[in-house]
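**Q** Contents of start_31.cif (mmCIF, C-alpha atoms) are below:
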```cif
data_input
#
loop_
_atom_site.label_atom_id
_atom_site.label_comp_id
_atom_site.auth_asym_id
_atom_site.auth_seq_id
_atom_site.Cartn_x
_atom_site.Cartn_y
_atom_site.Cartn_z
CA MET R 1389 60.00 186.55 172.83
CA SER R 1390 61.40 185.83 176.23
CA SER R 1391 62.23 182.29 177.16
CA LYS R 1392 59.76 180.26 179.21
CA GLY R 1393 62.65 178.81 181.13
CA THR R 1394 65.85 176.85 180.87
CA ILE R 1395 66.43 173.24 179.96
CA LEU R 1396 69.73 172.14 181.49
CA LEU R 1397 71.61 169.67 179.33
CA THR R 1398 74.84 168.15 180.54
CA GLY R 1399 77.46 165.93 178.90
CA TYR R 1400 80.68 164.40 180.13
CA GLU R 1401 84.20 165.46 179.24
CA ALA R 1402 86.49 163.18 177.28
CA PHE R 1403 88.11 160.31 179.20
CA GLY R 1404 90.17 157.18 178.66
CA ASP R 1405 89.84 155.96 175.10
CA PHE R 1406 87.32 158.67 174.37
CA LYS R 1407 89.51 161.59 173.24
CA VAL R 1408 86.21 163.15 172.27
CA ASN R 1409 83.10 162.45 174.29
CA PRO R 1410 80.08 162.36 171.97
CA SER R 1411 77.78 163.23 174.87
CA ILE R 1412 79.15 166.73 175.39
CA SER R 1413 79.77 167.17 171.67
CA ALA R 1414 76.12 166.40 170.92
CA CYS R 1415 74.94 168.68 173.73
CA MET R 1416 77.09 171.55 172.45
CA GLU R 1417 75.24 171.43 169.14
CA LEU R 1418 72.16 172.53 171.05
CA ASP R 1419 73.77 175.11 173.34
CA GLY R 1420 71.78 178.33 173.35
CA ARG R 1421 69.05 176.94 171.12
CA GLU R 1422 65.39 177.61 171.75
CA ILE R 1423 63.18 174.52 171.75
CA GLY R 1424 59.47 174.97 172.27
CA GLY R 1425 60.06 178.34 173.90
CA TYR R 1426 62.68 177.06 176.34
CA SER R 1427 66.33 177.89 176.05
CA VAL R 1428 68.90 175.13 176.25
CA ALA R 1429 71.89 175.63 178.55
CA VAL R 1430 74.74 173.14 178.24
CA GLU R 1431 77.31 172.28 180.90
CA GLU R 1432 80.21 169.87 180.69
CA ILE R 1433 80.73 167.59 183.68
CA THR R 1434 84.23 166.58 184.69
CA MET R 1435 84.89 162.83 184.85
CA LYS R 1436 86.15 163.01 188.39
CA PHE R 1437 84.27 161.17 191.11
CA SER R 1438 84.81 163.78 193.79
CA GLY R 1439 83.57 166.69 191.68
CA VAL R 1440 80.37 165.36 190.12
CA ASN R 1441 77.99 166.06 192.98
CA GLU R 1442 79.04 169.66 193.47
CA ALA R 1443 79.05 170.26 189.74
CA ILE R 1444 75.50 169.07 189.17
CA GLU R 1445 74.20 170.79 192.30
CA GLY R 1446 75.89 174.01 191.30
CA HIS R 1447 74.34 173.93 187.85
CA LEU R 1448 70.89 173.21 189.27
CA GLU R 1449 71.13 176.10 191.69
CA ARG R 1450 72.48 178.47 189.07
CA TYR R 1451 69.97 177.75 186.32
CA LYS R 1452 66.90 176.70 188.29
CA PRO R 1453 65.97 174.73 185.17
CA ALA R 1454 62.49 173.69 184.11
CA ALA R 1455 63.88 170.26 183.23
CA VAL R 1456 67.24 168.47 183.19
CA VAL R 1457 68.71 165.94 180.81
CA CYS R 1458 72.13 164.54 181.68
CA THR R 1459 73.94 162.55 179.02
CA GLY R 1460 76.95 160.32 178.69
CA VAL R 1461 78.54 157.87 176.32
CA SER R 1462 77.92 154.14 176.41
CA GLY R 1463 80.90 152.30 174.98
CA ALA R 1464 78.78 149.28 174.09
CA GLY R 1465 75.51 150.98 173.23
CA SER R 1466 74.06 150.62 169.74
CA VAL R 1467 71.21 153.08 170.08
CA ILE R 1468 70.09 156.09 172.10
CA ALA R 1469 69.24 154.72 175.56
CA VAL R 1470 66.79 156.55 177.81
CA GLU R 1471 67.60 155.33 181.30
CA ARG R 1472 64.80 154.25 183.60
CA VAL R 1473 66.54 154.06 186.95
CA ALA R 1474 69.58 155.35 188.85
CA ILE R 1475 70.99 153.13 191.61
CA ASN R 1476 72.92 154.00 194.75
CA VAL R 1477 76.20 152.32 193.88
CA PHE R 1478 79.55 153.34 192.46
CA SER R 1479 81.76 150.55 191.19
CA ALA R 1480 84.64 151.48 188.92
CA SER R 1481 88.20 150.55 188.17
CA VAL R 1482 90.86 153.12 188.91
CA GLY R 1483 91.54 155.57 186.13
CA VAL R 1484 88.00 156.00 184.92
CA MET R 1485 86.86 158.62 187.41
CA GLY R 1486 90.04 159.13 189.38
CA GLU R 1487 88.79 156.78 192.05
CA GLU R 1488 88.71 153.01 192.41
CA ALA R 1489 85.71 151.63 194.22
CA GLN R 1490 83.79 148.41 194.43
CA ASP R 1491 80.14 148.39 195.40
CA ALA R 1492 80.42 151.71 197.24
CA ALA R 1493 77.26 153.60 198.14
CA ILE R 1494 76.99 156.94 196.33
CA ARG R 1495 75.16 158.35 199.32
CA GLU R 1496 75.34 156.32 202.54
CA ASP R 1497 71.83 157.22 203.65
CA GLY R 1498 70.30 157.48 200.18
CA PRO R 1499 67.59 155.22 198.80
CA VAL R 1500 68.52 152.20 196.67
CA GLY R 1501 67.21 153.78 193.49
CA TYR R 1502 65.41 156.67 191.80
CA PHE R 1503 63.24 156.40 188.73
CA THR R 1504 63.69 158.90 185.92
CA THR R 1505 61.04 161.61 185.82
CA LEU R 1506 61.47 162.20 182.10
CA PRO R 1507 58.41 161.38 179.96
CA TYR R 1508 60.30 158.44 178.48
CA ARG R 1509 57.47 156.88 176.50
CA GLY R 1510 56.82 160.18 174.72
CA ILE R 1511 60.53 160.65 174.10
CA LEU R 1512 60.87 157.14 172.65
CA GLU R 1513 57.87 157.67 170.38
CA ALA R 1514 59.23 160.98 169.15
CA LEU R 1515 62.62 159.42 168.45
CA LYS R 1516 61.00 156.62 166.51
CA GLU R 1517 59.00 159.09 164.44
CA ALA R 1518 62.21 160.98 163.76
CA GLY R 1519 63.80 157.76 162.52
CA ILE R 1520 66.36 157.56 165.32
CA PRO R 1521 66.94 154.16 166.91
CA ALA R 1522 66.39 154.30 170.66
CA ARG R 1523 65.38 152.14 173.56
CA LEU R 1524 64.43 152.25 177.20
CA SER R 1525 67.31 150.92 179.32
CA ASN R 1526 67.02 149.50 182.82
CA SER R 1527 70.62 150.10 183.85
CA ALA R 1528 72.86 153.13 183.52
CA GLY R 1529 75.79 151.08 184.83
CA THR R 1530 77.71 151.85 188.00
CA VAL R 1531 80.29 154.42 186.87
CA GLY R 1532 80.03 158.08 185.84
CA CYS R 1533 76.71 158.05 184.04
CA ASN R 1534 74.77 156.39 186.83
CA LEU R 1535 76.64 158.62 189.30
CA VAL R 1536 75.52 161.95 187.84
CA PHE R 1537 72.03 160.53 187.29
CA TYR R 1538 71.79 159.46 190.93
CA TYR R 1539 73.12 162.76 192.28
CA LEU R 1540 70.72 164.65 190.04
CA MET R 1541 67.63 162.75 191.18
CA ASP R 1542 68.78 162.73 194.78
CA TYR R 1543 69.24 166.50 194.83
CA LEU R 1544 65.82 167.06 193.27
CA ALA R 1545 64.14 164.65 195.70
CA ARG R 1546 65.80 166.13 198.76
CA ASN R 1547 64.92 169.65 197.70
CA GLY R 1548 61.38 168.86 196.64
CA CYS R 1549 62.03 169.96 193.04
CA ASP R 1550 59.28 168.40 191.03
CA ILE R 1551 60.74 168.80 187.52
CA PRO R 1552 61.30 166.27 184.75
CA ALA R 1553 64.86 165.00 184.94
CA GLY R 1554 66.83 162.01 183.84
CA PHE R 1555 69.64 160.55 181.83
CA ILE R 1556 70.22 159.55 178.21
CA HIS R 1557 73.12 157.45 176.89
CA VAL R 1558 74.50 158.03 173.41
CA PRO R 1559 76.62 155.50 171.49
CA ARG R 1560 80.26 156.08 170.62
CA LEU R 1561 81.21 157.99 167.47
CA PRO R 1562 82.07 156.14 164.24
CA GLU R 1563 85.72 157.18 164.56
CA GLN R 1564 85.72 155.49 167.98
CA ALA R 1565 84.49 152.23 166.49
CA LEU R 1566 87.18 151.59 163.95
CA ASN R 1567 87.78 148.14 165.40
CA GLY R 1568 84.78 147.28 163.26
CA ARG R 1569 82.99 145.53 166.12
CA SER R 1570 81.65 148.28 168.34
CA PRO R 1571 78.38 149.92 167.40
CA SER R 1572 78.44 153.66 166.79
CA MET R 1573 76.29 156.63 165.83
CA SER R 1574 77.15 159.81 163.92
CA LEU R 1575 77.34 162.99 165.95
CA ASP R 1576 74.59 164.71 163.98
CA VAL R 1577 72.23 161.80 164.69
CA SER R 1578 72.99 161.85 168.42
CA ALA R 1579 72.57 165.63 168.51
CA ARG R 1580 69.29 165.38 166.61
CA ALA R 1581 68.18 162.72 169.11
CA LEU R 1582 68.76 165.07 172.03
CA GLU R 1583 66.92 167.83 170.20
CA VAL R 1584 63.94 165.54 169.56
CA ALA R 1585 64.01 164.31 173.16
CA ILE R 1586 63.96 167.86 174.48
CA GLY R 1587 61.18 168.71 172.07
CA ALA R 1588 59.09 165.84 173.42
CA LEU R 1589 60.01 166.82 176.96
CA VAL R 1590 59.03 170.49 176.68
CA SER R 1591 55.72 169.55 175.07
CA THR R 1592 54.78 168.10 178.48
CA LEU R 1593 55.74 171.21 180.47
CA MET D 1488 66.31 124.65 204.31
CA ILE D 1489 67.44 126.62 201.30
CA LEU D 1490 64.67 127.48 198.88
CA LEU D 1491 65.47 127.47 195.18
CA THR D 1492 62.91 128.60 192.67
CA GLY D 1493 62.87 128.39 188.87
CA PHE D 1494 60.31 129.42 186.29
CA GLU D 1495 58.07 127.36 184.08
CA PRO D 1496 58.76 127.49 180.31
CA PHE D 1497 57.60 130.51 178.30
CA GLY D 1498 57.94 132.22 174.95
CA GLY D 1499 57.24 129.13 172.87
CA SER D 1500 59.96 127.05 174.49
CA ASP D 1501 59.01 123.75 176.10
CA VAL D 1502 61.79 123.89 178.68
CA ASN D 1503 63.14 126.45 181.10
CA PRO D 1504 66.74 125.86 182.19
CA SER D 1505 66.17 127.66 185.49
CA ILE D 1506 63.75 125.12 186.94
CA LEU D 1507 65.57 122.18 185.35
CA ALA D 1508 68.85 123.20 186.99
CA CYS D 1509 67.12 123.73 190.35
CA ARG D 1510 65.65 120.23 190.14
CA LYS D 1511 69.18 118.80 189.86
CA LEU D 1512 69.86 120.03 193.38
CA GLU D 1513 66.50 119.16 194.88
CA GLY D 1514 66.71 117.19 198.12
CA ARG D 1515 70.48 117.49 198.39
CA THR D 1516 72.00 118.71 201.65
CA PHE D 1517 74.73 121.35 201.87
CA ASN D 1518 76.39 121.85 205.27
CA GLY D 1519 73.21 120.70 206.95
CA TYR D 1520 70.82 122.71 204.78
CA ARG D 1521 68.43 120.77 202.59
CA VAL D 1522 67.50 122.18 199.20
CA VAL D 1523 63.82 122.56 198.44
CA VAL D 1524 62.72 123.52 194.95
CA GLU D 1525 59.57 125.21 193.70
CA GLU D 1526 58.51 125.98 190.16
CA ILE D 1527 56.99 129.43 189.67
CA PRO D 1528 54.23 129.96 187.10
CA LEU D 1529 54.97 132.87 184.78
CA ARG D 1530 51.65 134.49 185.52
CA PHE D 1531 51.81 138.17 186.41
CA HIS D 1532 49.10 138.25 189.04
CA GLU D 1533 50.19 135.05 190.78
CA ILE D 1534 53.91 135.52 191.27
CA ASN D 1535 53.67 137.64 194.42
CA ASP D 1536 51.37 135.27 196.29
CA THR D 1537 53.33 132.26 195.05
CA ILE D 1538 56.71 133.39 196.34
CA LYS D 1539 55.22 134.70 199.58
CA GLY D 1540 53.50 131.37 200.08
CA HIS D 1541 56.72 129.41 199.61
CA VAL D 1542 58.64 131.65 202.01
CA SER D 1543 55.90 131.24 204.62
CA LYS D 1544 55.67 127.48 204.09
CA TYR D 1545 59.38 126.70 204.36
CA SER D 1546 60.72 129.57 206.51
CA PRO D 1547 63.94 129.03 204.58
CA ALA D 1548 67.41 130.02 205.79
CA ALA D 1549 68.10 131.49 202.34
CA VAL D 1550 66.30 131.94 199.03
CA VAL D 1551 67.74 131.90 195.53
CA SER D 1552 65.25 132.59 192.78
CA THR D 1553 66.36 131.85 189.25
CA GLY D 1554 65.12 132.46 185.74
CA GLN D 1555 66.05 132.26 182.10
CA GLY D 1556 67.92 135.23 180.69
CA GLY D 1557 69.81 135.72 177.49
CA GLY D 1558 73.40 136.12 178.59
CA GLY D 1559 76.46 133.99 178.03
CA GLY D 1560 76.99 133.08 181.67
CA LEU D 1561 75.20 133.09 184.98
CA SER D 1562 74.13 136.62 185.91
CA VAL D 1563 74.00 137.36 189.61
CA GLU D 1564 71.57 140.24 189.85
CA ARG D 1565 72.44 143.23 192.02
CA VAL D 1566 69.12 145.04 192.17
CA ALA D 1567 65.38 144.52 191.75
CA ILE D 1568 63.26 147.46 190.59
CA ASN D 1569 59.63 148.31 191.23
CA VAL D 1570 58.31 147.97 187.71
CA GLY D 1571 56.73 145.37 185.49
CA SER D 1572 56.94 146.03 181.76
CA ALA D 1573 56.79 143.28 179.19
CA ARG D 1574 57.55 143.06 175.48
CA MET D 1575 55.74 139.77 175.21
CA PRO D 1576 52.83 138.58 177.30
CA TYR D 1577 53.25 136.48 180.42
CA ASN D 1578 51.91 132.93 180.16
CA CYS D 1579 48.59 134.24 181.51
CA GLY D 1580 48.33 136.56 178.49
CA TYR D 1581 48.84 139.72 180.54
CA LYS D 1582 51.33 142.29 179.27
CA PRO D 1583 52.08 145.06 181.77
CA VAL D 1584 53.61 148.36 180.66
CA ASP D 1585 55.49 150.46 183.24
CA GLU D 1586 53.35 149.07 186.04
CA PRO D 1587 54.53 149.35 189.64
CA LEU D 1588 54.87 145.93 191.27
CA ASN D 1589 53.95 147.41 194.62
CA SER D 1590 52.40 150.87 194.34
CA GLU D 1591 53.55 151.62 197.88
CA GLY D 1592 56.94 149.94 197.62
CA PRO D 1593 60.37 151.55 197.27
CA VAL D 1594 61.96 152.07 193.85
CA ALA D 1595 64.43 149.23 194.36
CA TYR D 1596 65.93 146.56 196.60
CA TRP D 1597 69.50 145.28 196.66
CA THR D 1598 70.20 141.57 196.52
CA ARG D 1599 71.11 140.06 199.87
CA LEU D 1600 73.25 137.32 198.41
CA PRO D 1601 77.03 137.40 199.06
CA TYR D 1602 77.58 138.13 195.38
CA ARG D 1603 81.30 138.89 195.39
CA ARG D 1604 82.08 135.57 197.04
CA MET D 1605 79.68 133.79 194.73
CA LEU D 1606 81.38 135.28 191.68
CA GLU D 1607 84.78 134.24 193.00
CA GLY D 1608 83.54 130.74 193.73
CA LEU D 1609 82.00 130.42 190.29
CA LYS D 1610 85.20 131.59 188.67
CA GLU D 1611 87.23 129.06 190.66
CA ALA D 1612 84.82 126.37 189.54
CA SER D 1613 85.20 127.52 185.90
CA VAL D 1614 81.55 128.51 185.58
CA PRO D 1615 81.19 131.72 183.53
CA ALA D 1616 79.38 134.34 185.61
CA ARG D 1617 79.04 138.07 186.07
CA LEU D 1618 77.37 140.67 188.24
CA SER D 1619 74.42 142.24 186.45
CA ASN D 1620 72.85 145.61 187.23
CA SER D 1621 69.49 144.86 185.70
CA ALA D 1622 67.21 141.86 186.00
CA GLY D 1623 64.96 143.38 183.34
CA THR D 1624 61.31 144.23 183.90
CA PHE D 1625 59.65 140.86 183.20
CA GLY D 1626 59.01 137.84 185.42
CA CYS D 1627 62.56 137.57 186.74
CA ASN D 1628 62.76 141.09 188.10
CA GLN D 1629 59.19 140.67 189.32
CA ILE D 1630 59.80 137.63 191.52
CA PHE D 1631 63.07 139.19 192.72
CA TYR D 1632 61.28 142.41 193.73
CA HIS D 1633 58.35 140.62 195.38
CA LEU D 1634 60.77 138.34 197.25
CA MET D 1635 62.87 141.19 198.63
CA ASP D 1636 59.79 143.30 199.31
CA HIS D 1637 58.21 140.47 201.29
CA LEU D 1638 61.36 139.85 203.33
CA ALA D 1639 61.75 143.57 204.03
CA SER D 1640 58.14 144.09 205.07
CA GLU D 1641 58.21 141.00 207.30
CA GLY D 1642 61.61 141.87 208.76
CA ILE D 1643 63.05 138.53 207.65
CA GLU D 1644 66.82 138.92 207.44
CA ILE D 1645 68.10 136.06 205.32
CA PRO D 1646 70.35 135.88 202.26
CA ALA D 1647 68.13 136.14 199.21
CA GLY D 1648 68.40 137.17 195.62
CA PHE D 1649 68.17 136.24 191.99
CA ILE D 1650 70.32 134.57 189.34
CA HIS D 1651 69.72 134.58 185.60
CA VAL D 1652 70.82 131.59 183.58
CA PRO D 1653 71.54 131.38 179.82
CA LEU D 1654 69.51 129.41 177.33
CA LEU D 1655 70.18 125.72 176.89
CA PRO D 1656 72.04 124.73 173.70
CA GLN D 1657 68.83 123.25 172.27
CA GLN D 1658 67.08 126.62 172.75
CA ALA D 1659 69.82 128.51 170.93
CA LEU D 1660 69.59 126.54 167.70
CA GLU D 1661 67.44 128.97 165.78
CA ARG D 1662 68.45 132.20 167.42
CA GLY D 1663 72.17 131.59 167.22
CA SER D 1664 72.46 133.06 170.71
CA ALA D 1665 74.70 132.16 173.61
CA SER D 1666 73.94 129.02 175.58
CA MET D 1667 75.16 126.90 178.50
CA SER D 1668 74.70 123.20 179.21
CA LEU D 1669 72.27 122.18 181.92
CA ASP D 1670 75.04 120.37 183.79
CA LEU D 1671 77.16 123.51 183.95
CA ILE D 1672 74.24 125.66 185.11
CA ALA D 1673 73.45 123.10 187.82
CA LYS D 1674 77.13 123.00 188.78
CA GLY D 1675 77.00 126.79 189.18
CA PHE D 1676 73.92 126.53 191.39
CA GLY D 1677 75.73 123.92 193.49
CA VAL D 1678 78.65 126.31 193.98
CA VAL D 1679 76.26 129.08 194.98
CA VAL D 1680 74.27 126.98 197.44
CA GLU D 1681 77.47 125.56 198.95
CA LEU D 1682 78.78 129.10 199.52
CA ILE D 1683 75.53 130.33 200.99
CA SER D 1684 75.33 127.37 203.35
CA THR D 1685 78.90 128.03 204.48
CA HIS D 1686 78.05 131.69 204.89
CA LEU D 1687 75.10 130.72 207.11
CA ASN D 1688 77.24 128.53 209.38
#
```
Represent the structure contained in this file as structure tokens.
**A**
Amino acid sequence: MSSKGTILLTGYEAFGDFKVNPSISACMELDGREIGGYSVAVEEITMKFSGVNEAIEGHLERYKPAAVVCTGVSGAGSVIAVERVAINVFSASVGVMGEEAQDAAIREDGPVGYFTTLPYRGILEALKEAGIPARLSNSAGTVGCNLVFYYLMDYLARNGCDIPAGFIHVPRLPEQALNGRSPSMSLDVSARALEVAIGALVSTL
Amino acid sequence: MILLTGFEPFGGSDVNPSILACRKLEGRTFNGYRVVVEEIPLRFHEINDTIKGHVSKYSPAAVVSTGQGGGGGLSVERVAINVGSARMPYNCGYKPVDEPLNSEGPVAYWTRLPYRRMLEGLKEASVPARLSNSAGTFGCNQIFYHLMDHLASEGIEIPAGFIHVPLLPQQALERGSASMSLDLIAKGFGVVVELISTHLN
């Protein structure tokens, strides 16, 4: 059976304390899989401020996906977080994305924010049914995760691409939480969460 | 005049530190600007008209709306978003889910408060504070959005924004959550209003 289309799934490369980034690791578990008749294509995004926009635009143009889910790690997150809104600001200390910036606009003439177009209520329900803790989050921060989310939604809006797209945060891995204070989630649970989220997403296509 | 607003109590509490701290500054003058205070009812369908009414009545030189959050310090909010979604009902009993605050409004508005200077000033005054990227989706984000939306649609260019305050110690007894004394919250508001009034002059 031929695929109905492509679901583009992105994760970030490892950075800083994260020698392994659970976002791309979880995505890779789904690379090439068929979910609800759609094939999943995974791309890793480089944690470099100046390259994120071109990377995401390039992947969108190459795959012409039916839907897009970008992912990243949240160092403080306890559960899967489906992000509601991307905001037009980049604020990061030097070293994180190769660029230090405070309160900089991502796109000078861009709108203040974009809402996700993922069916987040359906995704959250499906995650709950699957026994995976998750929540709706109202802030994706102001560093890499919000950055790719904003560029993604901005590209789709400017090009009139009316497809479901958005961002999901995954917690750190247990081996990254050995201080005993940070919350974490096993890789197979995070990967299963993305699979369930995509399943809920494609059921709306 | 500088307009300060705080919310009435909610969620089973009989106090709300936001309005109590505002009241501590009521009538005081900072660099020639007098502080006026208004309490906002936590009633979903009244908040828009209430804040618009106060802005029209006072034609303030600046507006700082405040509300009770759950953090450990003052949270200066960066952005208001166009959604109302509540886990518990407002005091009117209404519980919106993913409802636009203005169906024709933009997704979001930035604060117009000089937040970096405020954060510096608060730090110098030893008042714990941070910049927050989400005011939530309950009453606090709602008044913040309606405030900025009103100013934008009327073309009123004044400093305006929103600050979350922690619970009072007496409210944190059962929950074991973070708290801040009323005096320290009010001190923080004083620092903020002082800075804004200087900024205006």
**Q** Which distance in Å separates atom CA of D:Leu1491 and atom CA of D:Ser1590, to one decimal?
**A** 26.8 Å
**Q** Once the PyMOL selection byres ((chain R) within 7 of (chain D)) has been applied to the shown file, what residues remain in the selection, as a VMD selection string?
**A** chain R and resid 1500 to 1503 1526 to 1527 1529
**Q** What is the distance, in Å and to one decimal place, between atom CA of R:Ala1545 and atom CA of R:Ala1443?
**A** 17.0 Å
**Q** Using the chain letters and numbers from the file, which residues does the PyMOL selection byres ((chain D and resi 1669) around 7) grab, as a PyMOL selection string?
**A** chain D and resi 1504+1508+1655+1667-1668+1670-1673
**Q** I need every residue sitting at most 12 Å from the point (83.6, 148.5, 171.2) (coordinates as in the file, all atoms listed in the file considered), written as a PyMOL selection string.
**A** chain R and resi 1405-1406+1461-1466+1559-1572
**Q** Now that the selection is made, can you save its residues with C-alpha atoms as a short mmCIF file (atom, residue, chain, number, x, y, z; two decimals), keeping the file's coordinate frame?
**A**
```cif
data_model
loop_
_atom_site.label_atom_id
_atom_site.label_comp_id
_atom_site.auth_asym_id
_atom_site.auth_seq_id
_atom_site.Cartn_x
_atom_site.Cartn_y
_atom_site.Cartn_z
CA ASP R 1405 89.84 155.96 175.10
CA PHE R 1406 87.32 158.67 174.37
CA VAL R 1461 78.54 157.87 176.32
CA SER R 1462 77.92 154.14 176.41
CA GLY R 1463 80.90 152.30 174.98
CA ALA R 1464 78.78 149.28 174.09
CA GLY R 1465 75.51 150.98 173.23
CA SER R 1466 74.06 150.62 169.74
CA PRO R 1559 76.62 155.50 171.49
CA ARG R 1560 80.26 156.08 170.62
CA LEU R 1561 81.21 157.99 167.47
CA PRO R 1562 82.07 156.14 164.24
CA GLU R 1563 85.72 157.18 164.56
CA GLN R 1564 85.72 155.49 167.98
CA ALA R 1565 84.49 152.23 166.49
CA LEU R 1566 87.18 151.59 163.95
CA ASN R 1567 87.78 148.14 165.40
CA GLY R 1568 84.78 147.28 163.26
CA ARG R 1569 82.99 145.53 166.12
CA SER R 1570 81.65 148.28 168.34
CA PRO R 1571 78.38 149.92 167.40
CA SER R 1572 78.44 153.66 166.79
#
```
**Q** With a cut-off of 12 Å, could you pull out the residues of stretch 1590-1622 of chain D touching stretch 1538-1553 of chain D and give me the nearest pair of atoms for each, distance in Å to one decimal, using only C-alpha atoms, ordered by chain and ascending number, as a Markdown table?
**A**
```
| residue | atom | partner | partner_atom | distance |
| --- | --- | --- | --- | --- |
| D:Thr1598 | CA | D:Val1551 | CA | 10.0 |
| D:Arg1599 | CA | D:Ala1549 | CA | 9.4 |
| D:Leu1600 | CA | D:Val1551 | CA | 8.2 |
| D:Pro1601 | CA | D:Ala1549 | CA | 11.2 |
| D:Tyr1602 | CA | D:Val1551 | CA | 11.6 |
| D:Ala1622 | CA | D:Thr1553 | CA | 10.6 |
```
**Q** For R:Leu1512, which residue among R:Val1430, R:Pro1410, R:Gly1486, R:Ala1581 is the nearest when counting only C-alpha atoms?
**A**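 Smallest distance to R:Leu1512 is found for R:Ala1581.
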**Q** Using the chain letters and numbers from the file, give me the residues hit by the PyMOL selection byres ((chain R and resi 1586) around 9), as a PyMOL selection string.
**A** chain R and resi 1395+1423-1424+1428+1457+1511+1581-1585+1587-1591
**Q** To one decimal in Å, tell me the separation between atom CA of R:Gly1399 and atom CA of R:Val1558.
**A**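 Between atom CA of R:Gly1399 and atom CA of R:Val1558 the gap works out to 10.1 Å.
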**Q** Which is closer to D:Cys1509 than all the others in D:Gly1677, D:Met1575, D:Pro1583, D:Glu1661, using all atoms listed in the file?
**A** D:Gly1677
**Q** Which residues, written as JSON, numbers by chain, have at least one atom at most 12 Å from D:Gly1675, with all atoms listed in the file counted and residues fewer than 2 positions away on the same chain left out?
**A** {"D": [1505, 1508, 1509, 1511, 1512, 1553, 1560, 1561, 1562, 1563, 1605, 1606, 1607, 1608, 1609, 1610, 1611, 1612, 1613, 1614, 1615, 1616, 1617, 1650, 1651, 1652, 1653, 1667, 1668, 1669, 1670, 1671, 1672, 1673, 1677, 1678, 1679, 1680, 1681, 1682]}
**Q** Can you pull out the residues contacting D:Thr1516? Cut-off 12 Å, using only C-alpha atoms, and skip same-chain residues under 6 positions away; I want them as a count of residues only.
**A** 10
**Q** May I ask which of the residues R:Leu1397, R:Ile1551, R:Leu1524, R:Thr1592 is the closest one to D:Arg1574, counting only C-alpha atoms?
**A**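 That would be R:Leu1524, the residue with the smallest distance to D:Arg1574.
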**Q** Excluding D:Ile1527 and any residue of its chain fewer than 2 positions from it, enumerate the residues within 8 Å of it, using all atoms listed in the file, and give them as number ranges by chain.
**A** D: 1492-1495, 1525, 1529, 1534, 1537-1538
